[in-house]
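input-v4.cif, holding mmCIF, C-alpha atoms:
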data_coords
loop_
_atom_site.group_PDB
_atom_site.id
_atom_site.type_symbol
_atom_site.label_atom_id
_atom_site.label_comp_id
_atom_site.auth_asym_id
_atom_site.auth_seq_id
_atom_site.Cartn_x
_atom_site.Cartn_y
_atom_site.Cartn_z
ATOM 1 C CA MET A 176 68.354 1.934 -17.345
ATOM 2 C CA HIS A 177 68.364 5.490 -18.722
ATOM 3 C CA GLN A 178 72.162 5.322 -18.776
ATOM 4 C CA PHE A 179 71.932 2.211 -20.921
ATOM 5 C CA ALA A 180 69.686 4.090 -23.337
ATOM 6 C CA GLU A 181 72.237 6.902 -23.494
ATOM 7 C CA LYS A 182 75.095 4.474 -24.147
ATOM 8 C CA SER A 183 73.137 2.817 -26.944
ATOM 9 C CA ARG A 184 72.514 6.108 -28.769
ATOM 10 C CA ASP A 185 75.581 5.688 -30.992
ATOM 11 C CA LYS A 186 75.542 1.898 -31.266
ATOM 12 C CA PRO A 187 73.446 -0.965 -29.829
ATOM 13 C CA LEU A 188 74.354 -1.956 -26.256
ATOM 14 C CA ALA A 189 74.754 -5.652 -25.455
ATOM 15 C CA VAL A 190 73.018 -7.179 -22.440
ATOM 16 C CA GLY A 191 76.361 -8.401 -21.111
ATOM 17 C CA GLU A 192 77.836 -4.905 -21.200
ATOM 18 C CA ALA A 193 74.846 -3.550 -19.307
ATOM 19 C CA LEU A 194 74.917 -6.258 -16.639
ATOM 20 C CA ASP A 195 78.623 -5.694 -16.039
ATOM 21 C CA THR A 196 77.788 -2.250 -14.613
ATOM 22 C CA LEU A 197 75.106 -3.478 -12.197
ATOM 23 C CA ASP A 198 77.202 -5.564 -9.763
ATOM 24 C CA GLU A 199 74.964 -7.625 -7.449
ATOM 25 C CA ALA A 200 71.958 -5.385 -8.199
ATOM 26 C CA GLY A 201 71.823 -7.168 -11.532
ATOM 27 C CA TYR A 202 70.386 -10.165 -9.731
ATOM 28 C CA ALA A 203 67.494 -8.120 -8.377
ATOM 29 C CA PHE A 204 66.717 -6.528 -11.754
ATOM 30 C CA ILE A 205 66.693 -9.891 -13.500
ATOM 31 C CA CYS A 206 64.765 -11.733 -10.790
ATOM 32 C CA ILE A 207 62.093 -9.067 -10.303
ATOM 33 C CA ILE A 208 61.203 -9.382 -13.991
ATOM 34 C CA LEU A 209 61.435 -13.188 -14.109
ATOM 35 C CA VAL A 210 59.312 -13.697 -10.986
ATOM 36 C CA LEU A 211 56.274 -11.740 -12.173
ATOM 37 C CA PRO A 212 54.679 -14.646 -14.151
ATOM 38 C CA PHE A 213 54.887 -16.843 -11.032
ATOM 39 C CA LEU A 214 52.945 -14.478 -8.770
ATOM 40 C CA GLN A 215 49.635 -16.229 -9.323
ATOM 41 C CA PRO A 216 47.924 -19.075 -7.457
ATOM 42 C CA ILE A 217 47.558 -21.293 -10.538
ATOM 43 C CA PRO A 218 50.382 -23.854 -10.946
ATOM 44 C CA LEU A 219 52.369 -23.450 -14.151
ATOM 45 C CA GLY A 220 53.509 -27.057 -14.407
ATOM 46 C CA PRO A 221 56.960 -27.673 -15.936
ATOM 47 C CA PHE A 222 57.428 -23.921 -16.375
ATOM 48 C CA THR A 223 57.438 -23.549 -12.583
ATOM 49 C CA VAL A 224 60.126 -26.219 -12.263
ATOM 50 C CA LEU A 225 62.305 -24.534 -14.904
ATOM 51 C CA GLY A 226 61.824 -21.152 -13.252
ATOM 52 C CA GLY A 227 62.761 -22.596 -9.873
ATOM 53 C CA VAL A 228 65.954 -24.072 -11.285
ATOM 54 C CA ALA A 229 66.841 -20.686 -12.809
ATOM 55 C CA PHE A 230 66.299 -18.835 -9.516
ATOM 56 C CA ALA A 231 68.241 -21.469 -7.582
ATOM 57 C CA THR A 232 71.132 -21.152 -10.037
ATOM 58 C CA LEU A 233 71.193 -17.373 -9.650
ATOM 59 C CA GLY A 234 71.065 -17.806 -5.870
ATOM 60 C CA TRP A 235 74.030 -20.191 -5.937
ATOM 61 C CA GLN A 236 76.027 -17.688 -7.981
ATOM 62 C CA LEU A 237 75.181 -14.814 -5.631
ATOM 63 C CA LEU A 238 75.924 -16.932 -2.564
ATOM 64 C CA HIS A 239 79.363 -17.728 -3.954
ATOM 65 C CA GLY A 240 80.252 -14.122 -4.636
ATOM 66 C CA HIS A 241 79.647 -13.721 -8.353
ATOM 67 C CA GLU A 242 79.322 -9.969 -8.855
ATOM 68 C CA SER A 243 76.911 -10.356 -11.755
ATOM 69 C CA PRO A 244 74.722 -13.224 -12.994
ATOM 70 C CA VAL A 245 76.408 -15.704 -15.296
ATOM 71 C CA LEU A 246 74.052 -16.102 -18.223
ATOM 72 C CA PRO A 247 74.501 -17.999 -21.503
ATOM 73 C CA LYS A 248 76.752 -16.242 -24.004
ATOM 74 C CA GLN A 249 73.932 -16.110 -26.542
ATOM 75 C CA ILE A 250 71.867 -13.980 -24.134
ATOM 76 C CA LEU A 251 74.771 -11.770 -23.086
ATOM 77 C CA ALA A 252 75.539 -11.032 -26.738
ATOM 78 C CA ILE A 253 72.023 -9.749 -27.518
ATOM 79 C CA GLU A 254 72.130 -6.064 -28.437
ATOM 80 C CA PHE A 255 69.293 -3.606 -27.852
ATOM 81 C CA SER A 256 68.764 -0.281 -29.561
ATOM 82 C CA GLU A 257 68.144 3.006 -27.779
ATOM 83 C CA SER A 258 64.353 2.674 -28.199
ATOM 84 C CA THR A 259 64.348 -0.811 -26.673
ATOM 85 C CA TRP A 260 66.385 0.287 -23.653
ATOM 86 C CA LYS A 261 63.990 3.206 -23.165
ATOM 87 C CA MET A 262 61.035 0.822 -23.190
ATOM 88 C CA LEU A 263 62.762 -1.452 -20.662
ATOM 89 C CA ALA A 264 63.525 1.573 -18.505
ATOM 90 C CA LYS A 265 59.831 2.543 -18.507
ATOM 91 C CA VAL A 266 58.746 -0.935 -17.358
ATOM 92 C CA CYS A 267 61.395 -1.090 -14.642
ATOM 93 C CA LEU A 268 60.490 2.373 -13.374
ATOM 94 C CA GLU A 269 56.856 1.328 -13.015
ATOM 95 C CA ILE A 270 57.913 -1.693 -10.979
ATOM 96 C CA LEU A 271 60.295 0.370 -8.858
ATOM 97 C CA GLY A 272 57.628 3.007 -8.324
ATOM 98 C CA LEU A 273 55.411 0.373 -6.749
ATOM 99 C CA CYS A 274 58.299 -0.937 -4.669
ATOM 100 C CA ARG A 275 59.136 2.498 -3.280
ATOM 101 C CA LYS A 276 55.608 2.881 -1.937
ATOM 102 C CA ILE A 277 56.181 0.027 0.489
ATOM 103 C CA SER A 278 59.928 0.177 1.017
ATOM 104 C CA LYS A 279 62.664 2.541 2.202
ATOM 105 C CA PRO A 280 66.293 2.219 3.354
ATOM 106 C CA ARG A 281 66.297 0.629 6.823
ATOM 107 C CA TYR A 282 68.171 -2.016 8.808
ATOM 108 C CA PRO A 283 71.319 -1.619 6.669
ATOM 109 C CA PHE A 284 73.153 -4.234 8.755
ATOM 110 C CA ILE A 285 70.915 -6.842 7.095
ATOM 111 C CA ALA A 286 70.882 -5.657 3.486
ATOM 112 C CA ALA A 287 74.359 -4.191 3.065
ATOM 113 C CA GLY A 288 77.686 -5.791 2.231
ATOM 114 C CA ILE A 289 78.610 -9.461 2.312
ATOM 115 C CA ARG A 290 75.843 -10.285 4.779
ATOM 116 C CA GLY A 291 73.172 -8.945 2.454
ATOM 117 C CA GLN A 292 74.730 -10.752 -0.497
ATOM 118 C CA LYS A 293 74.867 -14.079 1.336
ATOM 119 C CA MET A 294 71.310 -13.710 2.628
ATOM 120 C CA GLY A 295 70.070 -12.774 -0.834
ATOM 121 C CA GLY A 296 71.817 -15.779 -2.340
ATOM 122 C CA PHE A 297 70.282 -18.056 0.274
ATOM 123 C CA ILE A 298 66.786 -16.654 -0.353
ATOM 124 C CA LEU A 299 67.053 -17.135 -4.116
ATOM 125 C CA LEU A 300 68.554 -20.607 -3.746
ATOM 126 C CA ALA A 301 65.964 -21.767 -1.195
ATOM 127 C CA ALA A 302 62.969 -20.194 -2.945
ATOM 128 C CA GLY A 303 64.116 -21.535 -6.302
ATOM 129 C CA GLY A 304 64.631 -25.002 -4.845
ATOM 130 C CA LEU A 305 61.145 -24.999 -3.307
ATOM 131 C CA MET A 306 59.627 -23.721 -6.542
ATOM 132 C CA ALA A 307 61.390 -26.443 -8.537
ATOM 133 C CA ILE A 308 59.673 -29.259 -6.602
ATOM 134 C CA PRO A 309 57.269 -30.828 -9.131
ATOM 135 C CA PHE A 310 53.964 -30.592 -7.244
ATOM 136 C CA GLY A 311 51.744 -30.722 -10.321
ATOM 137 C CA VAL A 312 48.373 -29.205 -9.423
ATOM 138 C CA LEU A 313 49.131 -27.919 -5.895
ATOM 139 C CA PRO A 314 47.803 -24.331 -5.644
ATOM 140 C CA PHE A 315 50.290 -21.586 -4.689
ATOM 141 C CA ASN A 316 53.340 -23.790 -5.388
ATOM 142 C CA ASN A 317 54.858 -20.992 -7.478
ATOM 143 C CA PHE A 318 53.158 -18.050 -5.751
ATOM 144 C CA LEU A 319 54.532 -18.512 -2.214
ATOM 145 C CA PRO A 320 58.237 -18.910 -3.119
ATOM 146 C CA GLY A 321 57.698 -16.174 -5.712
ATOM 147 C CA LEU A 322 56.748 -13.788 -2.901
ATOM 148 C CA ALA A 323 60.040 -14.559 -1.153
ATOM 149 C CA ILE A 324 61.943 -13.725 -4.342
ATOM 150 C CA LEU A 325 59.949 -10.540 -4.934
ATOM 151 C CA PHE A 326 60.543 -9.198 -1.425
ATOM 152 C CA TYR A 327 64.254 -10.002 -1.688
ATOM 153 C CA CYS A 328 64.394 -8.023 -4.929
ATOM 154 C CA ILE A 329 62.640 -5.063 -3.312
ATOM 155 C CA GLY A 330 65.022 -5.211 -0.357
ATOM 156 C CA GLU A 331 68.071 -5.338 -2.617
ATOM 157 C CA LEU A 332 66.937 -2.499 -4.847
ATOM 158 C CA GLU A 333 65.873 -0.276 -1.943
ATOM 159 C CA ASP A 334 68.512 -1.302 0.651
ATOM 160 C CA ASP A 335 65.674 -2.371 2.919
ATOM 161 C CA GLY A 336 66.595 -5.033 5.456
ATOM 162 C CA LEU A 337 62.961 -5.403 6.500
ATOM 163 C CA MET A 338 62.112 -6.716 3.024
ATOM 164 C CA TYR A 339 64.807 -9.382 3.475
ATOM 165 C CA LEU A 340 63.119 -10.469 6.713
ATOM 166 C CA ILE A 341 59.733 -10.570 4.993
ATOM 167 C CA ALA A 342 61.290 -12.700 2.244
ATOM 168 C CA LEU A 343 62.558 -15.114 4.913
ATOM 169 C CA PHE A 344 59.071 -15.158 6.442
ATOM 170 C CA TRP A 345 57.590 -16.264 3.111
ATOM 171 C CA LEU A 346 60.247 -18.972 2.864
ATOM 172 C CA VAL A 347 59.101 -20.302 6.253
ATOM 173 C CA VAL A 348 55.439 -20.139 5.193
ATOM 174 C CA THR A 349 56.268 -21.976 1.956
ATOM 175 C CA THR A 350 58.178 -24.686 3.820
ATOM 176 C CA ILE A 351 55.309 -25.211 6.275
ATOM 177 C CA TYR A 352 52.763 -25.287 3.445
ATOM 178 C CA PHE A 353 54.722 -27.808 1.393
ATOM 179 C CA SER A 354 55.464 -29.929 4.486
ATOM 180 C CA ALA A 355 51.762 -30.011 5.350
ATOM 181 C CA PHE A 356 51.021 -31.168 1.810
ATOM 182 C CA PHE A 357 53.575 -33.988 2.019
ATOM 183 C CA PHE A 358 52.272 -34.997 5.446
ATOM 184 C CA ALA A 359 48.709 -35.076 4.120
ATOM 185 C CA LEU A 360 49.811 -37.278 1.221
ATOM 186 C CA TRP A 361 51.559 -39.659 3.590
ATOM 187 C CA TYR A 362 48.731 -39.691 6.170
ATOM 188 C CA PHE A 363 45.869 -40.237 3.768
ATOM 189 C CA GLY A 364 47.969 -42.668 1.751
ATOM 190 C CA GLU A 365 48.466 -44.766 4.887
ATOM 191 C CA LYS A 366 44.735 -44.601 5.635
ATOM 192 C CA ALA A 367 43.883 -45.669 2.089
ATOM 193 C CA LEU A 368 46.289 -48.619 2.230
ATOM 194 C CA ALA A 369 44.880 -49.721 5.581
ATOM 195 C CA PHE A 370 41.348 -49.489 4.216
ATOM 196 C CA TYR A 371 42.116 -51.651 1.194
ATOM 197 C CA LYS A 372 43.887 -54.221 3.382
ATOM 198 C CA ILE A 373 40.724 -54.550 5.472
ATOM 199 C CA LEU A 374 38.724 -55.154 2.303
#

Could you write out this file's structure as structure tokens?
Amino acid sequence: MHQFAEKSRDKPLAVGEALDTLDEAGYAFICIILVLPFLQPIPLGPFTVLGGVAFATLGWQLLHGHESPVLPKQILAIEFSESTWKMLAKVCLEILGLCRKISKPRYPFIAAGIRGQKMGGFILLAAGGLMAIPFGVLPFNNFLPGLAILFYCIGELEDDGLMYLIALFWLVVTTIYFSAFFFALWYFGEKALAFYKIL
């Protein structure tokens, strides 16, 4: 981020130019910022669905080997001044500072290379797909898949395979939670229908 600020000293630096230098880490930088609003237990309605679709799209791109996220041309063409890049660098450093307190390079066979890229793509695609399910007022429907995305981002940024495993754990928890909700709907729906038939 500081390098981006340096490059923008003479002329504004476009978002697309910056992302081109990040390779697959660009996914983590983008997702760690996008996921923050979803890390709350209160459902966000249609916004959660749109966010889930965005994460799933990024996951599909990463899974299929895109080196950097494919974003709309209008976004890629946005140019930021040196002061704006410095502000963005400050925010990202605060986030990374928190990440480094709980993470460190470990289990490189999980996080590195094609395996790490494929696993990261799967996590984003699965978490985004789960988040995009329109649950309405179900608590934690954005929070639980958001945790999976957050831990993937930490693992990618810090080369920490353990964070990838924790992200997968939260995917399992989310799947169980959502499945229990659907089962409860089906079970109590059947009971309600049977009750009204008796009446």

If the PyMOL selection byres ((chain A and resi 203) around 8) were run on this exact file, what residues would it hold? Put them as a PDB file with C-alpha atoms, in the frame of the given file.
ATOM      1  CA  GLU A 199      74.964  -7.625  -7.449  1.00  0.00           C
ATOM      2  CA  ALA A 200      71.958  -5.385  -8.199  1.00  0.00           C
ATOM      3  CA  GLY A 201      71.823  -7.168 -11.532  1.00  0.00           C
ATOM      4  CA  TYR A 202      70.386 -10.165  -9.731  1.00  0.00           C
ATOM      5  CA  PHE A 204      66.717  -6.528 -11.754  1.00  0.00           C
ATOM      6  CA  ILE A 205      66.693  -9.891 -13.500  1.00  0.00           C
ATOM      7  CA  CYS A 206      64.765 -11.733 -10.790  1.00  0.00           C
ATOM      8  CA  ILE A 207      62.093  -9.067 -10.303  1.00  0.00           C
ATOM      9  CA  TYR A 327      64.254 -10.002  -1.688  1.00  0.00           C
ATOM     10  CA  CYS A 328      64.394  -8.023  -4.929  1.00  0.00           C
ATOM     11  CA  ILE A 329      62.640  -5.063  -3.312  1.00  0.00           C
ATOM     12  CA  GLU A 331      68.071  -5.338  -2.617  1.00  0.00           C
ATOM     13  CA  LEU A 332      66.937  -2.499  -4.847  1.00  0.00           C
TER      14      LEU A 332
END

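Note that the spacing between CA of Ala355 in chain A and CA of Leu319 in chain A amounts to 14.0 Å.
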
Open item on the list: Can you translate the PyMOL selection byres ((chain A and resi 285) around 12) into the concrete residues it hits in this file, as an MDAnalysis selection string?
Closed with: chainID A and resid 280:284 286:295 327 330:331 334:341 343

Give me a file of those residues, with C-alpha atoms, as a PDB file, keeping the file's coordinate frame.
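Output file part.pdb follows:
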ATOM      1  CA  PRO A 280      66.293   2.219   3.354  1.00  0.00           C
ATOM      2  CA  ARG A 281      66.297   0.629   6.823  1.00  0.00           C
ATOM      3  CA  TYR A 282      68.171  -2.016   8.808  1.00  0.00           C
ATOM      4  CA  PRO A 283      71.319  -1.619   6.669  1.00  0.00           C
ATOM      5  CA  PHE A 284      73.153  -4.234   8.755  1.00  0.00           C
ATOM      6  CA  ALA A 286      70.882  -5.657   3.486  1.00  0.00           C
ATOM      7  CA  ALA A 287      74.359  -4.191   3.065  1.00  0.00           C
ATOM      8  CA  GLY A 288      77.686  -5.791   2.231  1.00  0.00           C
ATOM      9  CA  ILE A 289      78.610  -9.461   2.312  1.00  0.00           C
ATOM     10  CA  ARG A 290      75.843 -10.285   4.779  1.00  0.00           C
ATOM     11  CA  GLY A 291      73.172  -8.945   2.454  1.00  0.00           C
ATOM     12  CA  GLN A 292      74.730 -10.752  -0.497  1.00  0.00           C
ATOM     13  CA  LYS A 293      74.867 -14.079   1.336  1.00  0.00           C
ATOM     14  CA  MET A 294      71.310 -13.710   2.628  1.00  0.00           C
ATOM     15  CA  GLY A 295      70.070 -12.774  -0.834  1.00  0.00           C
ATOM     16  CA  TYR A 327      64.254 -10.002  -1.688  1.00  0.00           C
ATOM     17  CA  GLY A 330      65.022  -5.211  -0.357  1.00  0.00           C
ATOM     18  CA  GLU A 331      68.071  -5.338  -2.617  1.00  0.00           C
ATOM     19  CA  ASP A 334      68.512  -1.302   0.651  1.00  0.00           C
ATOM     20  CA  ASP A 335      65.674  -2.371   2.919  1.00  0.00           C
ATOM     21  CA  GLY A 336      66.595  -5.033   5.456  1.00  0.00           C
ATOM     22  CA  LEU A 337      62.961  -5.403   6.500  1.00  0.00           C
ATOM     23  CA  MET A 338      62.112  -6.716   3.024  1.00  0.00           C
ATOM     24  CA  TYR A 339      64.807  -9.382   3.475  1.00  0.00           C
ATOM     25  CA  LEU A 340      63.119 -10.469   6.713  1.00  0.00           C
ATOM     26  CA  ILE A 341      59.733 -10.570   4.993  1.00  0.00           C
ATOM     27  CA  LEU A 343      62.558 -15.114   4.913  1.00  0.00           C
TER      28      LEU A 343
END

Per-residue nearest contacts range 267-373 of chain A to range 214-223 of chain A, cut-off 10 Å, using only C-alpha atoms, as JSON lines:
{"residue": "A:Gly303", "atom": "CA", "partner": "A:Thr223", "partner_atom": "CA", "distance": 9.4}
{"residue": "A:Met306", "atom": "CA", "partner": "A:Thr223", "partner_atom": "CA", "distance": 6.4}
{"residue": "A:Ala307", "atom": "CA", "partner": "A:Thr223", "partner_atom": "CA", "distance": 6.4}
{"residue": "A:Ile308", "atom": "CA", "partner": "A:Thr223", "partner_atom": "CA", "distance": 8.6}
{"residue": "A:Pro309", "atom": "CA", "partner": "A:Gly220", "partner_atom": "CA", "distance": 7.5}
{"residue": "A:Phe310", "atom": "CA", "partner": "A:Gly220", "partner_atom": "CA", "distance": 8.0}
{"residue": "A:Gly311", "atom": "CA", "partner": "A:Gly220", "partner_atom": "CA", "distance": 5.8}
{"residue": "A:Val312", "atom": "CA", "partner": "A:Pro218", "partner_atom": "CA", "distance": 5.9}
{"residue": "A:Leu313", "atom": "CA", "partner": "A:Pro218", "partner_atom": "CA", "distance": 6.6}
{"residue": "A:Pro314", "atom": "CA", "partner": "A:Pro216", "partner_atom": "CA", "distance": 5.6}
{"residue": "A:Phe315", "atom": "CA", "partner": "A:Pro216", "partner_atom": "CA", "distance": 4.4}
{"residue": "A:Asn316", "atom": "CA", "partner": "A:Pro218", "partner_atom": "CA", "distance": 6.3}
{"residue": "A:Asn317", "atom": "CA", "partner": "A:Thr223", "partner_atom": "CA", "distance": 6.3}
{"residue": "A:Phe318", "atom": "CA", "partner": "A:Leu214", "partner_atom": "CA", "distance": 4.7}
{"residue": "A:Leu319", "atom": "CA", "partner": "A:Leu214", "partner_atom": "CA", "distance": 7.9}
{"residue": "A:Pro320", "atom": "CA", "partner": "A:Leu214", "partner_atom": "CA", "distance": 8.9}
{"residue": "A:Gly321", "atom": "CA", "partner": "A:Leu214", "partner_atom": "CA", "distance": 5.9}
{"residue": "A:Leu322", "atom": "CA", "partner": "A:Leu214", "partner_atom": "CA", "distance": 7.0}
{"residue": "A:Leu325", "atom": "CA", "partner": "A:Leu214", "partner_atom": "CA", "distance": 8.9}

Please produce a file of the residues just selected, as a PDB file, in the coordinates of the input, where the atoms kept are C-alpha atoms.
ATOM      1  CA  GLY A 303      64.116 -21.535  -6.302  1.00  0.00           C
ATOM      2  CA  MET A 306      59.627 -23.721  -6.542  1.00  0.00           C
ATOM      3  CA  ALA A 307      61.390 -26.443  -8.537  1.00  0.00           C
ATOM      4  CA  ILE A 308      59.673 -29.259  -6.602  1.00  0.00           C
ATOM      5  CA  PRO A 309      57.269 -30.828  -9.131  1.00  0.00           C
ATOM      6  CA  PHE A 310      53.964 -30.592  -7.244  1.00  0.00           C
ATOM      7  CA  GLY A 311      51.744 -30.722 -10.321  1.00  0.00           C
ATOM      8  CA  VAL A 312      48.373 -29.205  -9.423  1.00  0.00           C
ATOM      9  CA  LEU A 313      49.131 -27.919  -5.895  1.00  0.00           C
ATOM     10  CA  PRO A 314      47.803 -24.331  -5.644  1.00  0.00           C
ATOM     11  CA  PHE A 315      50.290 -21.586  -4.689  1.00  0.00           C
ATOM     12  CA  ASN A 316      53.340 -23.790  -5.388  1.00  0.00           C
ATOM     13  CA  ASN A 317      54.858 -20.992  -7.478  1.00  0.00           C
ATOM     14  CA  PHE A 318      53.158 -18.050  -5.751  1.00  0.00           C
ATOM     15  CA  LEU A 319      54.532 -18.512  -2.214  1.00  0.00           C
ATOM     16  CA  PRO A 320      58.237 -18.910  -3.119  1.00  0.00           C
ATOM     17  CA  GLY A 321      57.698 -16.174  -5.712  1.00  0.00           C
ATOM     18  CA  LEU A 322      56.748 -13.788  -2.901  1.00  0.00           C
ATOM     19  CA  LEU A 325      59.949 -10.540  -4.934  1.00  0.00           C
TER      20      LEU A 325
END

Task: Between CA of Leu305 in chain A and CA of Thr349 in chain A, distance in Å (one decimal) - done: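 If I compute the distance from CA of Leu305 in chain A to CA of Thr349 in chain A, I get 7.8 Å.
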
Open item on the list: For the provided coordinates, the residues matched by the PyMOL selection byres ((chain A and resi 297) around 9) should be stated as a list in words.
Closed with: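 Applied to this file, the PyMOL selection byres ((chain A and resi 297) around 9) returns Ala231, Gly234, Trp235, Leu237, Leu238, Gln292, Lys293, Met294, Gly295, Gly296, Ile298, Leu299, Leu300, Ala301 and Ala302 of chain A.
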
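Separating CA of Phe230 in chain A from CA of Ala342 in chain A is a distance of 14.2 Å.
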